[in-house]
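K.L.:
Here you go, this is entry_37.cif (mmCIF, C-alpha atoms).
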```cif
data_upload
#
loop_
_atom_site.label_atom_id
_atom_site.label_comp_id
_atom_site.auth_asym_id
_atom_site.auth_seq_id
_atom_site.Cartn_x
_atom_site.Cartn_y
_atom_site.Cartn_z
CA MET A 1 46.21 -57.31 28.25
CA SER A 2 43.76 -55.45 25.97
CA LEU A 3 42.12 -52.06 26.39
CA ILE A 4 38.91 -53.88 27.34
CA ASP A 5 40.74 -55.58 30.20
CA LEU A 6 42.12 -52.22 31.34
CA ALA A 7 38.55 -50.91 31.56
CA ASN A 8 38.56 -52.64 34.92
CA PRO A 9 40.10 -50.13 37.36
CA THR A 10 41.42 -52.91 39.59
CA ARG A 11 43.35 -54.45 36.71
CA PHE A 12 44.69 -51.05 35.74
CA LEU A 13 45.89 -50.42 39.29
CA ALA A 14 47.68 -53.77 39.31
CA LEU A 15 49.35 -52.99 35.99
CA ALA A 16 50.32 -49.49 37.15
CA ALA A 17 51.96 -50.90 40.28
CA ARG A 18 54.15 -53.16 38.13
CA LEU A 19 54.99 -50.56 35.47
CA LEU A 20 55.70 -47.42 37.49
CA PRO A 21 59.10 -48.44 38.94
CA TRP A 22 60.38 -49.43 35.49
CA LEU A 23 58.93 -46.33 33.83
CA ALA A 24 60.59 -44.12 36.43
CA LEU A 25 63.93 -45.88 35.90
CA VAL A 26 63.80 -45.56 32.09
CA THR A 27 62.71 -41.91 32.38
CA ALA A 28 65.59 -41.02 34.69
CA ALA A 29 68.12 -42.78 32.44
CA LEU A 30 66.86 -41.07 29.27
CA LEU A 31 66.75 -37.61 30.82
CA ALA A 32 70.20 -38.01 32.35
CA THR A 33 71.60 -39.16 28.99
CA GLY A 34 69.83 -36.33 27.17
CA LEU A 35 71.15 -33.71 29.57
CA TYR A 36 74.67 -35.10 29.26
CA LEU A 37 74.51 -34.97 25.45
CA SER A 38 73.01 -31.48 25.63
CA VAL A 39 75.94 -30.23 27.68
CA LEU A 40 78.37 -31.75 25.19
CA ALA A 41 76.58 -30.22 22.19
CA PRO A 42 78.56 -27.36 20.57
CA ASP A 43 77.47 -23.74 20.64
CA ASP A 44 75.69 -22.44 17.57
CA TYR A 45 77.69 -20.10 15.34
CA GLN A 46 74.89 -17.48 15.55
CA GLN A 47 73.01 -18.17 18.78
CA GLY A 48 75.93 -19.26 20.90
CA ALA A 49 75.18 -21.24 24.07
CA THR A 50 71.57 -20.02 24.13
CA VAL A 51 70.74 -22.60 21.45
CA LYS A 52 70.83 -25.26 24.17
CA ILE A 53 67.52 -23.94 25.51
CA MET A 54 66.13 -25.79 22.50
CA PHE A 55 66.74 -29.14 24.22
CA ILE A 56 64.19 -28.21 26.90
CA HIS A 57 61.89 -25.92 24.92
CA VAL A 58 61.19 -28.13 21.90
CA PRO A 59 60.23 -31.34 23.78
CA ASN A 60 57.90 -29.36 26.03
CA ALA A 61 56.33 -27.66 23.01
CA TRP A 62 55.80 -31.01 21.29
CA LEU A 63 54.29 -32.57 24.40
CA SER A 64 51.97 -29.62 25.02
CA MET A 65 50.19 -30.54 21.78
CA PHE A 66 50.62 -34.30 22.16
CA VAL A 67 48.95 -34.35 25.57
CA TRP A 68 45.94 -32.45 24.23
CA SER A 69 45.76 -35.01 21.41
CA ILE A 70 45.71 -37.81 23.99
CA MET A 71 42.97 -35.99 25.88
CA SER A 72 40.97 -35.64 22.65
CA ILE A 73 41.16 -39.39 22.05
CA ALA A 74 40.13 -39.98 25.66
CA SER A 75 37.22 -37.56 25.16
CA LEU A 76 36.00 -39.67 22.24
CA GLY A 77 36.25 -42.65 24.58
CA THR A 78 34.01 -40.81 27.05
CA LEU A 79 31.38 -39.63 24.56
CA VAL A 80 31.37 -42.45 22.00
CA TRP A 81 32.74 -45.66 23.49
CA ARG A 82 31.86 -44.99 27.17
CA HIS A 83 35.20 -46.39 28.29
CA PRO A 84 35.22 -46.32 32.11
CA LEU A 85 38.77 -44.98 32.33
CA ALA A 86 38.58 -42.47 29.46
CA ASP A 87 37.56 -39.57 31.70
CA VAL A 88 40.18 -40.62 34.24
CA ALA A 89 42.85 -40.49 31.52
CA ALA A 90 41.77 -37.07 30.28
CA LYS A 91 41.47 -35.53 33.75
CA ALA A 92 44.83 -36.92 34.87
CA ALA A 93 46.57 -35.62 31.73
CA ALA A 94 45.33 -32.02 31.96
CA PRO A 95 47.64 -30.74 34.75
CA ILE A 96 50.61 -32.48 33.14
CA GLY A 97 49.83 -30.94 29.76
CA ALA A 98 49.41 -27.53 31.37
CA SER A 99 52.85 -27.88 32.97
CA PHE A 100 54.49 -28.79 29.66
CA THR A 101 52.76 -25.84 27.96
CA PHE A 102 53.88 -23.44 30.70
CA LEU A 103 57.47 -24.67 30.40
CA ALA A 104 57.30 -24.26 26.62
CA LEU A 105 56.14 -20.66 27.03
CA LEU A 106 58.73 -19.92 29.72
CA THR A 107 61.72 -21.41 27.90
CA GLY A 108 60.53 -19.87 24.64
CA SER A 109 60.52 -16.44 26.27
CA LEU A 110 64.01 -16.97 27.68
CA TRP A 111 65.20 -18.09 24.26
CA GLY A 112 63.42 -15.26 22.47
CA ARG A 113 64.97 -12.47 24.55
CA PRO A 114 68.53 -12.76 23.16
CA MET A 115 67.32 -13.78 19.68
CA TRP A 116 64.42 -11.36 19.10
CA GLY A 117 65.22 -8.68 21.64
CA THR A 118 61.97 -9.30 23.53
CA TYR A 119 60.53 -11.91 25.85
CA TRP A 120 57.15 -11.88 24.15
CA GLU A 121 55.66 -11.08 20.78
CA TRP A 122 51.99 -11.45 19.89
CA ASP A 123 52.63 -13.49 16.77
CA ALA A 124 50.56 -16.48 15.67
CA ARG A 125 52.68 -19.26 17.18
CA LEU A 126 53.15 -17.70 20.61
CA THR A 127 49.55 -16.53 20.87
CA SER A 128 48.10 -19.91 19.86
CA VAL A 129 50.28 -21.72 22.43
CA LEU A 130 49.16 -19.23 25.09
CA ILE A 131 45.54 -20.00 24.14
CA LEU A 132 46.34 -23.71 24.56
CA PHE A 133 47.66 -23.03 28.06
CA LEU A 134 44.49 -21.11 28.96
CA MET A 135 42.37 -23.97 27.63
CA TYR A 136 44.22 -26.38 29.90
CA LEU A 137 43.46 -24.13 32.87
CA GLY A 138 39.83 -23.83 31.78
CA LEU A 139 39.44 -27.61 31.62
CA MET A 140 40.93 -28.06 35.07
CA ALA A 141 38.56 -25.40 36.43
CA LEU A 142 35.59 -27.09 34.73
CA TRP A 143 36.32 -30.43 36.36
CA ARG A 144 36.50 -28.74 39.75
CA SER A 145 33.40 -26.59 39.34
CA VAL A 146 30.92 -29.33 38.31
CA GLU A 147 29.95 -31.51 41.26
CA ASP A 148 28.52 -34.44 39.30
CA PRO A 149 31.46 -36.45 37.84
CA THR A 150 29.40 -37.70 34.88
CA ARG A 151 28.29 -34.22 33.84
CA ALA A 152 31.82 -32.87 34.35
CA ALA A 153 33.26 -35.64 32.20
CA ARG A 154 30.90 -34.97 29.29
CA ALA A 155 31.30 -31.20 29.44
CA ALA A 156 35.09 -31.51 29.59
CA ALA A 157 35.09 -33.99 26.70
CA VAL A 158 33.13 -31.59 24.49
CA LEU A 159 35.41 -28.68 25.39
CA THR A 160 38.50 -30.81 24.71
CA LEU A 161 37.30 -31.80 21.25
CA VAL A 162 36.43 -28.20 20.40
CA GLY A 163 39.84 -27.05 21.65
CA ALA A 164 41.58 -29.59 19.40
CA ILE A 165 40.93 -27.15 16.54
CA ASN A 166 43.81 -25.10 17.97
CA LEU A 167 46.37 -27.89 17.41
CA PRO A 168 46.73 -27.53 13.61
CA ILE A 169 46.77 -23.74 14.09
CA ILE A 170 49.78 -24.09 16.39
CA LYS A 171 51.49 -26.57 14.08
CA PHE A 172 51.08 -24.64 10.82
CA SER A 173 51.04 -21.08 12.15
CA VAL A 174 54.63 -20.49 11.01
CA ASP A 175 53.64 -21.57 7.49
CA TRP A 176 50.31 -19.73 7.26
CA TRP A 177 51.45 -16.39 8.71
CA ASN A 178 54.60 -14.29 8.85
CA THR A 179 55.90 -14.85 12.39
CA LEU A 180 59.11 -14.37 14.33
CA HIS A 181 59.11 -18.06 15.23
CA GLN A 182 61.35 -20.19 13.05
CA PRO A 183 59.71 -22.88 10.85
CA ALA A 184 59.92 -26.59 11.62
CA SER A 185 63.46 -27.94 11.49
CA VAL A 186 62.91 -31.57 12.56
CA MET A 187 59.50 -32.78 11.33
CA ARG A 188 59.52 -31.42 7.82
CA MET A 189 59.60 -32.54 4.22
CA GLY A 190 63.10 -33.38 3.10
CA GLY A 191 64.26 -34.51 6.53
CA PRO A 192 65.61 -32.65 9.57
CA ALA A 193 67.57 -29.47 8.99
CA LEU A 194 69.54 -29.82 12.24
CA ASP A 195 73.06 -31.15 12.40
CA LYS A 196 73.48 -34.49 14.19
CA SER A 197 75.30 -32.80 17.05
CA PHE A 198 72.02 -31.00 17.87
CA LEU A 199 69.51 -33.53 16.52
CA ILE A 200 70.61 -36.52 18.61
CA PRO A 201 70.46 -34.74 22.01
CA LEU A 202 67.14 -33.20 21.01
CA LEU A 203 65.61 -36.56 20.11
CA VAL A 204 66.92 -38.20 23.29
CA MET A 205 65.45 -35.39 25.37
CA ALA A 206 62.17 -35.66 23.48
CA VAL A 207 61.96 -39.40 24.21
CA GLY A 208 62.92 -38.75 27.83
CA PHE A 209 60.22 -36.14 28.30
CA SER A 210 57.74 -38.47 26.58
CA PHE A 211 58.53 -41.20 29.10
CA LEU A 212 58.24 -38.59 31.85
CA PHE A 213 54.71 -37.86 30.64
CA ILE A 214 53.83 -41.56 30.53
CA THR A 215 55.16 -42.09 34.05
CA LEU A 216 53.35 -39.07 35.49
CA HIS A 217 50.17 -39.92 33.60
CA VAL A 218 50.01 -43.50 34.85
CA ALA A 219 50.68 -42.31 38.41
CA ALA A 220 48.06 -39.56 38.13
CA MET A 221 45.47 -42.01 36.74
CA ARG A 222 46.16 -44.36 39.65
CA ASN A 223 45.70 -41.51 42.13
CA GLU A 224 42.48 -40.39 40.42
CA ILE A 225 41.01 -43.90 40.57
CA LEU A 226 41.86 -44.16 44.27
CA ARG A 227 40.44 -40.69 44.91
CA ARG A 228 37.15 -41.66 43.25
CA ARG A 229 36.98 -44.86 45.27
CA VAL A 230 37.43 -42.89 48.47
CA ARG A 231 34.71 -40.46 47.35
CA SER A 232 32.35 -43.36 46.61
CA LEU A 233 32.96 -44.84 50.05
CA GLN A 234 32.31 -41.47 51.69
CA MET A 235 29.04 -41.09 49.80
CA MET A 236 27.96 -44.61 50.78
CA GLN A 237 28.70 -43.84 54.41
CA ALA A 238 26.78 -40.57 54.18
CA ARG A 239 23.74 -42.32 52.66
CA ALA A 240 23.91 -45.03 55.30
CA TYR A 241 24.02 -42.38 58.03
CA THR A 242 21.07 -40.43 56.64
CA THR A 243 19.06 -43.66 56.34
CA ALA A 244 19.88 -44.79 59.86
CA ALA A 245 19.24 -41.41 61.50
CA PRO A 246 15.41 -41.34 61.02
CA ALA A 247 15.17 -44.92 62.32
CA ASP A 248 17.13 -43.98 65.45
CA ASP A 249 14.88 -40.95 66.00
CA ALA A 250 11.76 -43.09 65.63
CA ALA A 251 13.11 -45.64 68.08
CA GLY A 252 13.88 -42.90 70.55
CA GLN A 253 10.36 -41.48 70.29
CA ILE A 254 8.82 -44.92 70.91
CA ALA A 255 11.06 -45.48 73.91
CA GLY A 256 10.14 -42.08 75.30
CA ALA A 257 6.45 -42.72 74.89
CA ALA A 258 6.78 -46.03 76.70
#
```
Here is the file; what I need is its structure written in the form of structure tokens.
P.N.:
Amino acid sequence: MSLIDLANPTRFLALAARLLPWLALVTAALLATGLYLSVLAPDDYQQGATVKIMFIHVPNAWLSMFVWSIMSIASLGTLVWRHPLADVAAKAAAPIGASFTFLALLTGSLWGRPMWGTYWEWDARLTSVLILFLMYLGLMALWRSVEDPTRAARAAAVLTLVGAINLPIIKFSVDWWNTLHQPASVMRMGGPALDKSFLIPLLVMAVGFSFLFITLHVAAMRNEILRRRVRSLQMMQARAYTTAAPADDAAGQIAGAA
């Protein structure tokens, strides 16, 4: 089934109904395995047991940027290719991305307190991720504030593409500026700097959280399609009522005159 076929909401709903149970099963298995491996991982010789916050913090940080990237691609689909489900994909992803970003900020603060002596520091990495979180909230507010879905979709798509400028700032902030945040230790030139005892649980958790996003995103897209169908039916009923009301009034006036 191609992307063109999935442009039909009915076909997408049928595919979602088949995929969601399997996605949920794979997600649960991966997260359970990742948590088990995380518990078995040794303590760090400097950070102690607090290093295990990494297994939650890092996947959420990665996904906070990945989800915005998905939304940016969907925004191009809205503005350039006019894909019928592009706006649905972007709108459904925003609350999920905001949740991942919030968890990244929260777990980062909990990890930073014993390491840096403070929950928060206005350095480049933390500030740019906070800006990303605020942009997620702004997008969600924009979709709710604009009544016309077409206008809301275009405005949100433009804002999403503009906000994508923040993604390379987040990624390379530790290289461009002197920050408290440690540099990349997994995706870097020369290979990962982590020992396998930490790297394997981290990668399993990252894949598990990625499948969690896919599962939640497909479910949210399905709900958004159904919500729009209900809204269309309500508008059709309202138009039918307003059309029928003048005719009933005219009939009543004729009957009264007779």
K.L.:
Write out as a ChimeraX atom specification the residues lying within 12 Å of Pro9 (chain A), counting only C-alpha atoms and excluding same-chain residues fewer than 2 positions away.
P.N.:
/A:3-7,11-16,83-86,88-89,221-226,228-229
K.L.:
Choose the residue, out of A:Phe100, A:Ala29, A:Gly112, A:Asn178, that has the smallest atom-to-atom separation from Phe66 (chain A); count all atoms listed in the file.
P.N.:
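Among the listed residues, A:Phe100 lies closest to Phe66 (chain A).
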K.L.:
Counting all atoms listed in the file, figure out which residue out of A:Leu19, A:Ile73, A:Thr27, A:Asp87 gets nearest to Pro149 (chain A).
P.N.:
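So, comparing all the options, the nearest one is A:Asp87.
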K.L.:
For the file shown, report as an MDAnalysis selection string the outcome of the PyMOL selection byres ((chain A and resi 132-138) around 12) at residue level.
P.N.:
chainID A and resid 61 63:69 71 90:106 125:131 139:145 155:156 159:170
K.L.:
Translate the PyMOL selection byres ((chain A and resi 47) around 12) into a concrete residue list for this structure, as a tab-separated table (two decimals) with C-alpha atoms, keeping the file's coordinate frame.
P.N.:
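Once written, selection.tsv looks like this:
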```tsv
chain	number	residue	atom	x	y	z
A	42	PRO	CA	78.56	-27.36	20.57
A	43	ASP	CA	77.47	-23.74	20.64
A	44	ASP	CA	75.69	-22.44	17.57
A	45	TYR	CA	77.69	-20.10	15.34
A	46	GLN	CA	74.89	-17.48	15.55
A	48	GLY	CA	75.93	-19.26	20.90
A	49	ALA	CA	75.18	-21.24	24.07
A	50	THR	CA	71.57	-20.02	24.13
A	51	VAL	CA	70.74	-22.60	21.45
A	52	LYS	CA	70.83	-25.26	24.17
A	53	ILE	CA	67.52	-23.94	25.51
A	54	MET	CA	66.13	-25.79	22.50
A	111	TRP	CA	65.20	-18.09	24.26
A	112	GLY	CA	63.42	-15.26	22.47
A	113	ARG	CA	64.97	-12.47	24.55
A	114	PRO	CA	68.53	-12.76	23.16
A	115	MET	CA	67.32	-13.78	19.68
A	116	TRP	CA	64.42	-11.36	19.10
```
K.L.:
What gap, in Å, lies between CA of Trp22 (chain A) and CA of Val204 (chain A)?
P.N.:
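Interatomic distance, CA of Trp22 (chain A) to CA of Val204 (chain A): 17.8 Å.
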K.L.:
Show me, as a CSV table (one decimal) with C-alpha atoms, keeping the file's coordinate frame, the residues that have an atom within 9 Å of Ser109 (chain A) when counting only C-alpha atoms, minus same-chain residues fewer than 6 positions from it.
P.N.:
```csv
chain,number,residue,atom,x,y,z
A,118,THR,CA,62.0,-9.3,23.5
A,119,TYR,CA,60.5,-11.9,25.8
A,120,TRP,CA,57.2,-11.9,24.2
```
K.L.:
Exactly which residues make up the result of the PyMOL selection byres ((chain A and resi 198) around 10) on this file, given as a list of chain:residue names?
P.N.:
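Evaluating the PyMOL selection byres ((chain A and resi 198) around 10) on these coordinates yields A:Leu37, A:Ser38, A:Leu40, A:Ala41, A:Pro42, A:Asp43, A:Asp44, A:Val51, A:Lys52, A:Met54, A:Phe55, A:Leu194, A:Asp195, A:Lys196, A:Ser197, A:Leu199, A:Ile200, A:Pro201, A:Leu202, A:Leu203.
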K.L.:
Out of A:Val230, A:Val58, A:Leu31, A:Ala124, which residue has the shortest atom-to-atom distance to Trp177 (chain A) when counting only C-alpha atoms?
P.N.:
A:Ala124
K.L.:
Using only C-alpha atoms, which of A:Val26, A:Leu35, A:Ala157, A:Ala17 sits nearest Ile70 (chain A)?
P.N.:
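Of all the options, A:Ala157 lies closest to Ile70 (chain A).
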K.L.:
For the atom pair CA of Gly77 (chain A) and CA of His217 (chain A), what is the interatomic distance in Å to one decimal place?
P.N.:
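Answer for the CA of Gly77 (chain A) to CA of His217 (chain A) separation: 16.8 Å.
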